[in-house]
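Source file: structure.txt. Holds: compact mmCIF, C-alpha atoms.
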```
# COMPACT_ATOMS: atom_id res chain seq x y z
CA MET A 1 80.30 -6.70 -43.17
CA LYS A 2 77.66 -4.02 -43.42
CA ARG A 3 77.92 -1.17 -40.94
CA LEU A 4 74.67 -0.32 -39.18
CA LEU A 5 73.20 3.07 -38.37
CA PHE A 6 71.61 3.35 -34.96
CA LEU A 7 68.64 5.63 -35.58
CA ALA A 8 67.61 6.96 -32.17
CA ALA A 9 69.34 8.20 -29.05
CA ALA A 10 68.74 6.37 -25.77
CA LEU A 11 66.41 8.07 -23.34
CA LEU A 12 66.73 7.82 -19.56
CA LEU A 13 63.74 7.37 -17.29
CA GLU A 14 63.62 8.73 -13.74
CA PHE A 15 63.38 6.12 -10.95
CA ALA A 16 60.69 6.56 -8.29
CA ILE A 17 63.16 7.59 -5.61
CA SER A 18 64.04 10.70 -7.60
CA ALA A 19 60.47 11.89 -7.09
CA GLN A 20 59.88 14.42 -4.33
CA SER A 21 60.84 13.02 -0.93
CA THR A 22 58.78 14.41 1.93
CA VAL A 23 58.72 14.49 5.72
CA THR A 24 55.40 15.01 7.51
CA LEU A 25 55.44 16.30 11.10
CA THR A 26 52.04 16.30 12.82
CA PRO A 27 51.56 17.57 16.38
CA SER A 28 48.03 17.03 17.70
CA ILE A 29 48.02 20.60 19.05
CA THR A 30 50.09 23.64 18.03
CA ALA A 31 49.04 26.41 20.42
CA GLY A 32 47.92 27.00 23.98
CA ASP A 33 47.81 29.48 26.84
CA GLY A 34 50.67 29.49 29.38
CA GLN A 35 52.06 26.15 28.23
CA VAL A 36 51.30 23.54 25.61
CA VAL A 37 51.10 19.82 26.27
CA ILE A 38 51.17 18.01 22.94
CA PRO A 39 49.30 14.71 23.49
CA THR A 40 50.82 13.10 20.38
CA MET A 41 53.58 14.17 17.99
CA SER A 42 53.49 11.91 14.91
CA TRP A 43 55.75 11.86 11.87
CA SER A 44 56.18 9.93 8.64
CA THR A 45 58.31 9.90 5.49
CA SER A 46 57.53 9.39 1.82
CA PRO A 47 58.90 7.22 0.31
CA PRO A 48 58.79 5.39 3.66
CA LEU A 49 62.12 5.05 5.47
CA THR A 50 61.69 1.71 7.23
CA THR A 51 65.12 0.80 8.61
CA GLY A 52 67.39 2.30 11.25
CA THR A 53 67.13 5.88 12.47
CA PRO A 54 67.41 8.03 9.34
CA CYS A 55 65.83 11.08 11.00
CA VAL A 56 67.06 13.54 13.63
CA ALA A 57 64.70 15.53 15.86
CA GLY A 58 65.55 18.96 17.20
CA ALA A 59 63.97 22.05 18.72
CA THR A 60 64.67 25.77 19.09
CA PRO A 61 65.03 26.44 21.96
CA ALA A 62 66.32 22.98 22.87
CA LEU A 63 63.79 20.48 24.20
CA VAL A 64 64.77 17.17 25.81
CA ALA A 65 61.49 15.53 24.82
CA TRP A 66 62.15 16.18 21.11
CA THR A 67 65.79 15.59 20.27
CA GLY A 68 68.10 12.97 18.80
CA PRO A 69 67.81 10.09 16.28
CA LYS A 70 64.37 8.93 15.18
CA ALA A 71 62.96 6.19 12.98
CA GLY A 72 61.35 7.04 9.64
CA SER A 73 57.94 7.16 11.31
CA GLY A 74 56.56 7.10 14.83
CA THR A 75 54.81 8.91 17.64
CA VAL A 76 55.96 10.67 20.83
CA THR A 77 53.43 11.53 23.56
CA ASN A 78 52.95 14.29 26.10
CA ILE A 79 55.56 16.83 25.03
CA VAL A 80 55.44 19.81 27.40
CA ILE A 81 56.37 23.20 25.92
CA THR A 82 56.52 26.36 28.02
CA GLN A 83 57.58 28.94 25.41
CA ASN A 84 57.32 29.50 21.67
CA THR A 85 59.26 26.62 20.12
CA ARG A 86 60.08 25.38 16.65
CA LEU A 87 60.17 21.60 16.37
CA THR A 88 62.16 20.17 13.47
CA LEU A 89 62.82 16.79 11.89
CA SER A 90 65.57 16.12 9.34
CA CYS A 91 65.45 12.83 7.42
CA THR A 92 68.01 11.42 4.98
CA PHE A 93 66.70 9.53 1.96
CA PRO A 94 69.00 7.19 -0.01
CA GLY A 95 70.08 8.41 -3.42
CA ASP A 96 68.90 7.01 -6.73
CA SER A 97 70.83 3.87 -7.73
CA ILE A 98 69.01 2.78 -10.90
CA VAL A 99 68.90 3.97 -14.50
CA THR A 100 66.55 2.65 -17.17
CA PHE A 101 67.65 3.06 -20.78
CA THR A 102 65.13 3.04 -23.61
CA TRP A 103 65.80 3.28 -27.33
CA THR A 104 64.44 2.70 -30.83
CA ASN A 105 66.13 -0.05 -32.79
CA PRO A 106 67.25 0.59 -36.39
CA THR A 107 65.12 -0.83 -39.18
CA GLN A 108 67.62 -0.38 -42.03
CA ASN A 109 71.33 -0.78 -42.71
CA THR A 110 73.41 2.15 -43.92
CA ASP A 111 72.98 0.95 -47.53
CA GLY A 112 69.19 1.10 -47.25
CA THR A 113 68.62 -2.66 -46.95
CA PRO A 114 66.44 -4.00 -44.11
CA TYR A 115 68.16 -4.56 -40.77
CA SER A 116 67.05 -8.13 -40.22
CA ASN A 117 69.85 -9.81 -38.23
CA PRO A 118 70.16 -7.99 -34.85
CA ASP A 119 72.45 -9.46 -32.23
CA ILE A 120 72.89 -7.04 -29.29
CA VAL A 121 72.48 -3.42 -28.26
CA ARG A 122 75.45 -2.18 -26.23
CA LEU A 123 75.08 0.72 -23.79
CA LYS A 124 78.37 2.48 -23.07
CA HIS A 125 78.06 4.77 -20.02
CA THR A 126 80.34 6.75 -17.74
CA PHE A 127 80.52 9.44 -15.05
CA GLY A 128 83.95 10.46 -16.30
CA ALA A 129 85.34 12.12 -19.38
CA SER A 130 83.77 12.09 -22.83
CA LEU A 131 82.61 8.71 -24.09
CA THR A 132 84.77 6.97 -26.67
CA ASN A 133 83.24 5.90 -29.99
CA ASP A 134 84.64 2.36 -30.11
CA PRO A 135 81.91 -0.03 -28.90
CA ALA A 136 84.37 -2.92 -28.55
CA ILE A 137 86.67 -1.21 -26.02
CA ALA A 138 85.71 0.05 -22.56
CA ALA A 139 88.02 2.98 -21.85
CA SER A 140 88.96 3.92 -18.30
CA GLY A 141 85.82 4.81 -16.35
CA GLU A 142 83.44 3.41 -18.97
CA THR A 143 81.01 0.54 -18.43
CA HIS A 144 79.48 -1.64 -21.14
CA SER A 145 75.99 -3.08 -20.59
CA ASP A 146 74.60 -5.41 -23.28
CA SER A 147 70.97 -6.09 -24.18
CA PRO A 148 70.52 -9.30 -26.25
CA GLN A 149 68.29 -8.80 -29.29
CA THR A 150 67.56 -12.45 -30.00
CA PRO A 151 65.18 -14.17 -30.16
CA THR A 152 63.12 -10.97 -29.55
CA PRO A 153 64.48 -7.44 -30.04
CA ARG A 154 64.43 -5.33 -26.87
CA THR A 155 64.13 -1.59 -26.44
CA THR A 156 64.75 -1.13 -22.73
CA MET A 157 67.32 -2.14 -20.12
CA THR A 158 67.76 -1.29 -16.43
CA VAL A 159 71.14 -0.95 -14.73
CA THR A 160 71.12 -1.19 -10.92
CA GLY A 161 73.60 -0.70 -8.09
CA ILE A 162 74.85 2.74 -9.19
CA THR A 163 76.69 4.39 -6.28
CA GLN A 164 78.46 7.32 -7.96
CA VAL A 165 77.17 10.88 -7.99
CA GLY A 166 77.27 13.33 -10.86
CA THR A 167 76.04 13.17 -14.46
CA LEU A 168 75.85 9.76 -16.08
CA ARG A 169 76.26 9.92 -19.87
CA ALA A 170 75.45 7.07 -22.22
CA VAL A 171 75.48 6.17 -25.91
CA ALA A 172 74.12 3.06 -27.61
CA PHE A 173 75.41 0.85 -30.45
CA ALA A 174 73.65 -1.86 -32.46
CA ARG A 175 75.54 -4.98 -33.54
CA ASN A 176 74.33 -7.45 -36.13
CA ALA A 177 74.82 -11.21 -36.20
CA ASN A 178 77.92 -10.76 -38.37
CA GLY A 179 79.61 -8.71 -35.64
CA ALA A 180 79.32 -5.34 -37.41
CA TRP A 181 78.67 -2.32 -35.19
CA SER A 182 76.60 0.80 -35.83
CA GLY A 183 77.90 4.23 -35.00
CA PRO A 184 77.04 5.72 -31.57
CA SER A 185 73.61 7.18 -30.90
CA SER A 186 73.63 10.96 -30.72
CA PRO A 187 73.39 13.05 -28.62
CA PRO A 188 74.39 11.14 -25.47
CA ALA A 189 71.61 10.46 -22.98
CA THR A 190 72.17 11.87 -19.49
CA LYS A 191 70.89 11.41 -15.96
CA VAL A 192 72.01 13.27 -12.82
CA PHE A 193 72.65 11.26 -9.65
CA THR A 194 72.74 13.43 -6.53
CA GLY A 195 73.40 10.86 -3.80
CA ASN A 196 71.60 10.98 -0.46
CA VAL A 197 68.97 13.69 -0.02
CA THR A 198 68.21 15.32 3.34
CA VAL A 199 64.73 16.79 3.79
CA ASN A 200 63.91 19.13 6.68
CA GLN A 201 60.47 19.78 8.13
CA GLY A 202 59.48 22.06 10.97
CA VAL A 203 56.41 23.14 12.90
CA ASP A 204 55.95 26.11 15.24
CA ILE A 205 54.32 25.68 18.63
CA THR A 206 52.85 28.90 20.01
CA VAL A 207 52.56 29.50 23.74
CA ARG A 208 50.30 32.47 24.32
CA SER A 209 50.96 34.75 27.31
CA ILE A 210 48.48 34.87 30.15
CA PRO A 211 48.28 37.74 32.65
CA ASN A 212 49.62 37.47 36.16
CA THR A 213 47.11 37.21 38.96
CA ILE A 214 45.65 40.35 40.47
CA THR A 215 47.18 41.40 43.75
CA GLY A 216 46.05 43.78 46.47
CA LEU A 217 42.41 42.99 46.09
CA GLY A 218 40.38 44.68 48.85
CA ALA A 219 36.76 45.20 49.78
CA GLN A 220 35.14 47.87 52.08
```
For this file, produce the structure as C-alpha cells.
Amino acid sequence: MKRLLFLAAALLLEFAISAQSTVTLTPSITAGDGQVVIPTMSWSTSPPLTTGTPCVAGATPALVAWTGPKAGSGTVTNIVITQNTRLTLSCTFPGDSIVTFTWTNPTQNTDGTPYSNPDIVRLKHTFGASLTNDPAIAASGETHSDSPQTPTPRTTMTVTGITQVGTLRAVAFARNANGAWSGPSSPPATKVFTGNVTVNQGVDITVRSIPNTITGLGAQ
C-alpha cells in the first residue's frame, strides 16, 4: 500500500464567543446637586446572556437599590444616590466550546502519483501531553475525529461540546481507500480554551455639594 503525504497543517478558526464580550451599563443621569435620582438604569450584554442571572450588581459605597444577582439585560428605576458612588456590574460569559478544523487535502502520493482514492481525514487532538504519531491508536487523553472524504472530499470539520480548558493541539492524517495512512500534518494546530469569562463594567455617579442655607439674616 502506498503511504500518503499530508501536505498542509490544519488551521483552527475562532468561534464567535471568543470575540470580545462586553457589558454595557447605562444610567439615564450621572450627576446632580445634593442627590441624584436615576430615573432608569439599563444594562445589556454582548453576546446576549439570555438565561438565569449571570450578572451581579454592586456599588461603592453599598447601595440597596443596586446589589445582587441580575439577568443579562434589564432596567431598574428610581435609584436614589446621596453621595459619590461607583455602580458596577459583573457578568459571566460561557467559555468557548467549539473548534473548527480546516485543512488542504493532498493531491499526490509520496511516489509522485496522483492521490485519487481518498477515504477519510482523521483529526487527532488532545489537551494533554504530546500527540502520538500513530493515527490508528488513540493514546490516553487523545480524541480521534474523522471526516469522510467520499463521495466528496471535505476540508473542514467542527467539533462541539468541548469543556476542558487549556491549549488544544491537533494533527491531521489522510487515509486512502486501501487503508494506508499519511504522516501527521506539521506543525500541530493549536487553540486556547479559557473557560468562563467574567467582564466587569462600572459607572461613576457624581453628587455635587450644595451650600448650607444662610443663617442669621437680619434687616434694619
Range 128-137 of chain A: which residues within 8 Å, counting only C-alpha atoms, same-chain residues fewer than 4 positions away excluded, as a short mmCIF file (atom, residue, chain, number, x, y, z; two decimals) with C-alpha atoms, in the coordinates of the input?
```
data_model
loop_
_atom_site.label_atom_id
_atom_site.label_comp_id
_atom_site.auth_asym_id
_atom_site.auth_seq_id
_atom_site.Cartn_x
_atom_site.Cartn_y
_atom_site.Cartn_z
CA ARG A 122 75.45 -2.18 -26.23
CA LYS A 124 78.37 2.48 -23.07
CA GLY A 141 85.82 4.81 -16.35
CA GLU A 142 83.44 3.41 -18.97
CA ARG A 169 76.26 9.92 -19.87
CA ALA A 170 75.45 7.07 -22.22
CA VAL A 171 75.48 6.17 -25.91
CA PHE A 173 75.41 0.85 -30.45
CA TRP A 181 78.67 -2.32 -35.19
CA GLY A 183 77.90 4.23 -35.00
CA PRO A 184 77.04 5.72 -31.57
#
```
Can you tell me which residues surround range 189-199 of chain A at a distance of at most 7 Å, considering all atoms listed in the file, apart from same-chain residues fewer than 2 positions away, and format the answer as a PDB file with C-alpha atoms, keeping the file's coordinate frame?
```
ATOM      1  CA  ALA A   9      69.340   8.200 -29.050  1.00  0.00           C
ATOM      2  CA  ALA A  10      68.740   6.370 -25.770  1.00  0.00           C
ATOM      3  CA  LEU A  11      66.410   8.070 -23.340  1.00  0.00           C
ATOM      4  CA  LEU A  12      66.730   7.820 -19.560  1.00  0.00           C
ATOM      5  CA  THR A  22      58.780  14.410   1.930  1.00  0.00           C
ATOM      6  CA  VAL A  23      58.720  14.490   5.720  1.00  0.00           C
ATOM      7  CA  SER A  90      65.570  16.120   9.340  1.00  0.00           C
ATOM      8  CA  CYS A  91      65.450  12.830   7.420  1.00  0.00           C
ATOM      9  CA  THR A  92      68.010  11.420   4.980  1.00  0.00           C
ATOM     10  CA  PHE A  93      66.700   9.530   1.960  1.00  0.00           C
ATOM     11  CA  PRO A  94      69.000   7.190  -0.010  1.00  0.00           C
ATOM     12  CA  GLY A  95      70.080   8.410  -3.420  1.00  0.00           C
ATOM     13  CA  ASP A  96      68.900   7.010  -6.730  1.00  0.00           C
ATOM     14  CA  VAL A 165      77.170  10.880  -7.990  1.00  0.00           C
ATOM     15  CA  GLY A 166      77.270  13.330 -10.860  1.00  0.00           C
ATOM     16  CA  THR A 167      76.040  13.170 -14.460  1.00  0.00           C
ATOM     17  CA  LEU A 168      75.850   9.760 -16.080  1.00  0.00           C
ATOM     18  CA  ARG A 169      76.260   9.920 -19.870  1.00  0.00           C
ATOM     19  CA  ALA A 170      75.450   7.070 -22.220  1.00  0.00           C
ATOM     20  CA  VAL A 171      75.480   6.170 -25.910  1.00  0.00           C
ATOM     21  CA  PRO A 187      73.390  13.050 -28.620  1.00  0.00           C
ATOM     22  CA  GLN A 201      60.470  19.780   8.130  1.00  0.00           C
TER      23      GLN A 201
END
```
To one decimal place in Å, what is the distance between CA of Gly202 in chain A and CA of Ser73 in chain A?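 CA of Gly202 in chain A sits 15.0 Å away from CA of Ser73 in chain A.
Residue nearest Phe127 in chain A within the list A:Gln149, A:Gln164, A:Thr113, A:Leu89: A:Gln164 [criterion: smallest interatomic distance, only C-alpha atoms].
Distances from A:Ile98, A:Val203, A:Ile120, A:Met157 to Ser182 in chain A were compared using only C-alpha atoms, and the smallest one belongs to A:Ile120.
For the choices A:Ser116, A:Pro211, A:Thr26, A:Gly218, the atom-to-atom distance to Ala177 in chain A is smallest for A:Ser116 when using only C-alpha atoms.
Using all atoms listed in the file, the shortest contact distance between Asp33 in chain A and any of A:Leu217, A:Ile162, A:Asn84, A:Asn178 is found at A:Asn84.
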Between A:Gln108, A:Ser185, A:Ser28, A:Thr102, which one has atoms that come closest to Thr158 in chain A, using only C-alpha atoms? A:Thr102
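The closest residue to Thr150 in chain A, picked from A:Asp119, A:Val37, A:Ser46, A:Thr30 and counting only C-alpha atoms, is A:Asp119.
Note that the spacing between CA of Ala31 in chain A and CA of Pro61 in chain A amounts to 16.1 Å.
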Take CA of Ala174 in chain A and CA of Thr110 in chain A and report the distance between them in Å, one decimal.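 Distance between the two atoms: 12.1 Å.
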Can you tell me which residues surround Val36 in chain A at a distance of at most 6 Å, considering only C-alpha atoms, apart from same-chain residues fewer than 2 positions away, and format the answer as a PyMOL selection string? chain A and resi 32+80-81
Because the input lacks atoms here, generate N, CA and C atoms for range 200-218 of chain A and report them as a PDB file, keeping the file's coordinate frame.
```
ATOM      1  N   ASN A 200      64.204  18.546   5.373  1.00  0.00           N
ATOM      2  CA  ASN A 200      63.910  19.130   6.680  1.00  0.00           C
ATOM      3  C   ASN A 200      62.453  19.562   6.751  1.00  0.00           C
ATOM      4  N   GLN A 201      61.845  19.334   7.893  1.00  0.00           N
ATOM      5  CA  GLN A 201      60.470  19.780   8.130  1.00  0.00           C
ATOM      6  C   GLN A 201      60.394  20.382   9.527  1.00  0.00           C
ATOM      7  N   GLY A 202      59.606  21.418   9.667  1.00  0.00           N
ATOM      8  CA  GLY A 202      59.480  22.060  10.970  1.00  0.00           C
ATOM      9  C   GLY A 202      58.048  22.495  11.233  1.00  0.00           C
ATOM     10  N   VAL A 203      57.731  22.661  12.505  1.00  0.00           N
ATOM     11  CA  VAL A 203      56.410  23.140  12.900  1.00  0.00           C
ATOM     12  C   VAL A 203      56.591  24.044  14.125  1.00  0.00           C
ATOM     13  N   ASP A 204      55.863  25.154  14.144  1.00  0.00           N
ATOM     14  CA  ASP A 204      55.950  26.110  15.240  1.00  0.00           C
ATOM     15  C   ASP A 204      54.859  25.859  16.263  1.00  0.00           C
ATOM     16  N   ILE A 205      55.261  25.813  17.517  1.00  0.00           N
ATOM     17  CA  ILE A 205      54.320  25.680  18.630  1.00  0.00           C
ATOM     18  C   ILE A 205      54.248  27.030  19.345  1.00  0.00           C
ATOM     19  N   THR A 206      53.055  27.566  19.443  1.00  0.00           N
ATOM     20  CA  THR A 206      52.850  28.900  20.010  1.00  0.00           C
ATOM     21  C   THR A 206      52.300  28.792  21.418  1.00  0.00           C
ATOM     22  N   VAL A 207      53.016  29.420  22.350  1.00  0.00           N
ATOM     23  CA  VAL A 207      52.560  29.500  23.740  1.00  0.00           C
ATOM     24  C   VAL A 207      52.120  30.941  23.991  1.00  0.00           C
ATOM     25  N   ARG A 208      50.826  31.128  24.125  1.00  0.00           N
ATOM     26  CA  ARG A 208      50.300  32.470  24.320  1.00  0.00           C
ATOM     27  C   ARG A 208      50.453  32.912  25.771  1.00  0.00           C
ATOM     28  N   SER A 209      50.788  34.204  25.965  1.00  0.00           N
ATOM     29  CA  SER A 209      50.960  34.750  27.310  1.00  0.00           C
ATOM     30  C   SER A 209      49.615  34.851  28.023  1.00  0.00           C
ATOM     31  N   ILE A 210      49.667  34.646  29.317  1.00  0.00           N
ATOM     32  CA  ILE A 210      48.480  34.870  30.150  1.00  0.00           C
ATOM     33  C   ILE A 210      48.869  35.864  31.231  1.00  0.00           C
ATOM     34  N   PRO A 211      47.945  36.712  31.661  1.00  0.00           N
ATOM     35  CA  PRO A 211      48.280  37.740  32.650  1.00  0.00           C
ATOM     36  C   PRO A 211      48.570  37.142  34.022  1.00  0.00           C
ATOM     37  N   ASN A 212      49.424  37.850  34.777  1.00  0.00           N
ATOM     38  CA  ASN A 212      49.620  37.470  36.160  1.00  0.00           C
ATOM     39  C   ASN A 212      48.343  37.674  36.961  1.00  0.00           C
ATOM     40  N   THR A 213      48.284  37.068  38.115  1.00  0.00           N
ATOM     41  CA  THR A 213      47.110  37.210  38.960  1.00  0.00           C
ATOM     42  C   THR A 213      47.041  38.620  39.563  1.00  0.00           C
ATOM     43  N   ILE A 214      45.870  39.033  39.817  1.00  0.00           N
ATOM     44  CA  ILE A 214      45.650  40.350  40.470  1.00  0.00           C
ATOM     45  C   ILE A 214      46.137  40.277  41.904  1.00  0.00           C
ATOM     46  N   THR A 215      46.752  41.326  42.358  1.00  0.00           N
ATOM     47  CA  THR A 215      47.180  41.400  43.750  1.00  0.00           C
ATOM     48  C   THR A 215      46.530  42.622  44.431  1.00  0.00           C
ATOM     49  N   GLY A 216      46.561  42.616  45.705  1.00  0.00           N
ATOM     50  CA  GLY A 216      46.050  43.780  46.470  1.00  0.00           C
ATOM     51  C   GLY A 216      44.550  43.969  46.408  1.00  0.00           C
ATOM     52  N   LEU A 217      43.851  42.871  46.164  1.00  0.00           N
ATOM     53  CA  LEU A 217      42.410  42.990  46.090  1.00  0.00           C
ATOM     54  C   LEU A 217      41.829  43.294  47.482  1.00  0.00           C
ATOM     55  N   GLY A 218      41.006  44.319  47.568  1.00  0.00           N
ATOM     56  CA  GLY A 218      40.380  44.680  48.850  1.00  0.00           C
ATOM     57  C   GLY A 218      38.894  44.906  48.696  1.00  0.00           C
TER      58      GLY A 218
END
```
